[in-house]
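Trainee: For reference, the file run_27.cif (mmCIF, C-alpha atoms) is included below:
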```cif
data_query
loop_
_atom_site.group_PDB
_atom_site.id
_atom_site.type_symbol
_atom_site.label_atom_id
_atom_site.label_comp_id
_atom_site.auth_asym_id
_atom_site.auth_seq_id
_atom_site.Cartn_x
_atom_site.Cartn_y
_atom_site.Cartn_z
ATOM 1 C CA MET H 1 0.000 0.000 0.000
ATOM 2 C CA ALA H 2 1.168 3.519 -0.709
ATOM 3 C CA ALA H 3 2.628 5.652 2.014
ATOM 4 C CA GLY H 4 0.082 7.518 4.048
ATOM 5 C CA THR H 5 -2.742 5.029 3.615
ATOM 6 C CA ASP H 6 -1.917 2.570 6.372
ATOM 7 C CA ALA H 7 -2.628 4.894 9.285
ATOM 8 C CA GLY H 8 -5.856 6.115 7.718
ATOM 9 C CA THR H 9 -5.166 9.783 8.203
ATOM 10 C CA ASP H 10 -3.241 11.079 5.184
ATOM 11 C CA VAL H 11 -4.971 9.137 2.408
ATOM 12 C CA GLY H 12 -5.538 12.015 0.013
ATOM 13 C CA THR H 13 -2.047 12.237 -1.464
ATOM 14 C CA ASP H 14 -2.260 13.723 -4.945
ATOM 15 C CA THR H 15 1.164 13.556 -6.522
ATOM 16 C CA SER H 16 1.526 13.005 -10.229
ATOM 17 C CA ALA H 17 4.885 11.305 -9.701
ATOM 18 C CA GLU H 18 3.269 8.785 -7.373
ATOM 19 C CA GLU H 19 0.488 8.081 -9.860
ATOM 20 C CA ALA H 20 3.002 7.698 -12.673
ATOM 21 C CA ALA H 21 4.998 5.252 -10.560
ATOM 22 C CA LEU H 22 1.949 3.155 -9.673
ATOM 23 C CA GLY H 23 1.506 0.118 -11.823
ATOM 24 C CA TYR H 24 -1.928 -1.260 -12.579
ATOM 25 C CA GLU H 25 -1.648 -4.065 -10.046
ATOM 26 C CA GLN H 26 -0.457 -1.728 -7.294
ATOM 27 C CA ALA H 27 -3.261 0.750 -7.944
ATOM 28 C CA ARG H 28 -5.830 -2.051 -8.130
ATOM 29 C CA ASP H 29 -4.642 -3.612 -4.870
ATOM 30 C CA GLU H 30 -4.705 -0.280 -3.063
ATOM 31 C CA LEU H 31 -8.152 0.445 -4.512
ATOM 32 C CA ILE H 32 -9.396 -2.896 -3.179
ATOM 33 C CA GLU H 33 -8.061 -1.963 0.262
ATOM 34 C CA VAL H 34 -9.737 1.465 0.105
ATOM 35 C CA VAL H 35 -13.069 -0.143 -0.804
ATOM 36 C CA ARG H 36 -12.672 -2.701 1.977
ATOM 37 C CA ARG H 37 -12.069 0.063 4.519
ATOM 38 C CA LEU H 38 -15.041 2.081 3.283
ATOM 39 C CA GLU H 39 -17.325 -0.948 3.376
ATOM 40 C CA ALA H 40 -16.141 -1.879 6.870
ATOM 41 C CA GLY H 41 -17.269 1.496 8.179
ATOM 42 C CA GLY H 42 -16.137 2.860 11.506
ATOM 43 C CA THR H 43 -14.258 5.772 9.960
ATOM 44 C CA SER H 44 -14.937 9.429 10.524
ATOM 45 C CA LEU H 45 -16.656 11.465 7.846
ATOM 46 C CA GLU H 46 -13.386 13.238 7.054
ATOM 47 C CA GLU H 47 -11.482 9.963 6.735
ATOM 48 C CA SER H 48 -14.262 8.438 4.630
ATOM 49 C CA LEU H 49 -14.137 11.413 2.247
ATOM 50 C CA ALA H 50 -10.356 11.147 2.010
ATOM 51 C CA LEU H 51 -10.641 7.421 1.298
ATOM 52 C CA TRP H 52 -13.269 8.096 -1.359
ATOM 53 C CA GLU H 53 -11.046 10.699 -3.032
ATOM 54 C CA ARG H 54 -8.086 8.315 -2.960
ATOM 55 C CA GLY H 55 -10.281 5.606 -4.454
ATOM 56 C CA GLU H 56 -11.285 7.933 -7.282
ATOM 57 C CA GLU H 57 -7.623 8.713 -7.979
ATOM 58 C CA LEU H 58 -6.724 5.031 -7.990
ATOM 59 C CA ALA H 59 -9.648 4.186 -10.274
ATOM 60 C CA LYS H 60 -8.386 6.818 -12.735
ATOM 61 C CA VAL H 61 -4.895 5.310 -12.631
ATOM 62 C CA CYS H 62 -6.342 1.857 -13.321
ATOM 63 C CA ARG H 63 -8.511 3.176 -16.141
ATOM 64 C CA ARG H 64 -5.559 4.999 -17.753
ATOM 65 C CA ARG H 65 -3.376 1.900 -17.497
ATOM 66 C CA LEU H 66 -6.080 -0.281 -19.041
ATOM 67 C CA GLU H 67 -6.720 2.234 -21.829
ATOM 68 C CA GLY H 68 -2.990 2.332 -22.553
ATOM 69 C CA ALA H 69 -2.798 -1.448 -22.668
ATOM 70 C CA ARG H 70 -5.825 -1.547 -24.962
ATOM 71 C CA ALA H 71 -4.259 1.020 -27.294
ATOM 72 C CA ARG H 72 -1.034 -0.999 -27.452
ATOM 73 C CA LEU H 73 -2.995 -4.170 -28.165
ATOM 74 C CA ASP H 74 -5.057 -2.450 -30.880
ATOM 75 C CA ALA H 75 -1.893 -1.039 -32.482
ATOM 76 C CA SER H 76 -0.251 -4.456 -32.434
ATOM 77 C CA LEU H 77 -3.285 -6.124 -33.974
ATOM 78 C CA ALA H 78 -3.542 -3.417 -36.641
ATOM 79 C CA ALA H 79 0.130 -3.860 -37.523
ATOM 80 C CA GLU H 80 -0.361 -7.611 -37.738
ATOM 81 C CA ARG H 81 -3.385 -7.191 -40.016
ATOM 82 C CA ALA H 82 -1.451 -4.746 -42.201
ATOM 83 C CA ALA H 83 1.447 -7.185 -42.495
ATOM 84 C CA GLU H 84 -0.924 -10.007 -43.410
ATOM 85 C CA ALA H 85 -2.625 -7.850 -46.032
ATOM 86 C CA GLU H 86 0.753 -6.882 -47.463
ATOM 87 C CA ASP H 87 1.779 -10.558 -47.611
ATOM 88 C CA GLU H 88 -1.462 -11.420 -49.439
ATOM 89 C CA GLU H 89 -0.833 -8.695 -52.018
ATOM 90 C CA GLU H 90 2.573 -10.133 -52.883
#
```
Would you mind giving the structure from this file in structure tokens?

Mentor:
Amino acid sequence: MAAGTDAGTDVGTDTSAEEAALGYEQARDELIEVVRRLEAGGTSLEESLALWERGEELAKVCRRRLEGARARLDASLAAERAAEAEDEEE
């Protein structure tokens, strides 16, 4: 889990460098933990809001990572189709 989320007080870190360093699996795992803590309840309103905000940030990281992977996959498939079409023309 990222620094600041284990104590439950400073969960709203918003650093672009941190987000850039987070891989999909790391962001997903932290998001799962945030959801678990929210569902468990027992947190103050302020902490719940901070957890929610962190969860939103993590969801965006996951979405961006998945979109990037999808774009790479689409580009690879398009290149493969283009190569096959070129081979058929020859």

Trainee: Under the PyMOL selection byres ((chain H and resi 62) around 10), which residues of this model are included? Write them out as a list in words.

Mentor: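 That selection, the PyMOL selection byres ((chain H and resi 62) around 10), comes back as Glu19, Leu22, Gly23, Tyr24, Glu25, Gln26, Ala27, Arg28, Leu31, Glu56, Glu57, Leu58, Ala59, Lys60, Val61, Arg63, Arg64, Arg65, Leu66, Glu67 and Gly68 of chain H.
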
Trainee: What gap, in Å, lies between CA of Arg70 (chain H) and CA of Glu33 (chain H)?

Mentor: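 Separating CA of Arg70 (chain H) from CA of Glu33 (chain H) is a distance of 25.3 Å.
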
Trainee: List as a list of chain:residue names the protein and nucleic acid residues near Trp52 (chain H), meaning an atom at most 9 Å away when all atoms listed in the file are counted, but skip any in the same chain fewer than 3 places from it.

Mentor: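 Listed by chain and then number, they are H:Gly12, H:Val34, H:Val35, H:Leu38, H:Glu47, H:Ser48, H:Leu49, H:Gly55, H:Glu56, H:Glu57.
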
Trainee: Would you please work out which residue, of H:Ala75, H:Leu45, H:Glu80, H:Arg54, is nearest to Glu30 (chain H) when using all atoms listed in the file?

Mentor: H:Arg54

Trainee: Rounded to one decimal, what separation in Å do you get between CA of Arg37 (chain H) and CA of Ala20 (chain H)?

Mentor: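 It comes out at 24.1 Å.
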
Trainee: For CA of Thr43 (chain H) and CA of Asp29 (chain H), determine how far apart the two atoms are, in Å to one decimal place.

Mentor: 20.0 Å
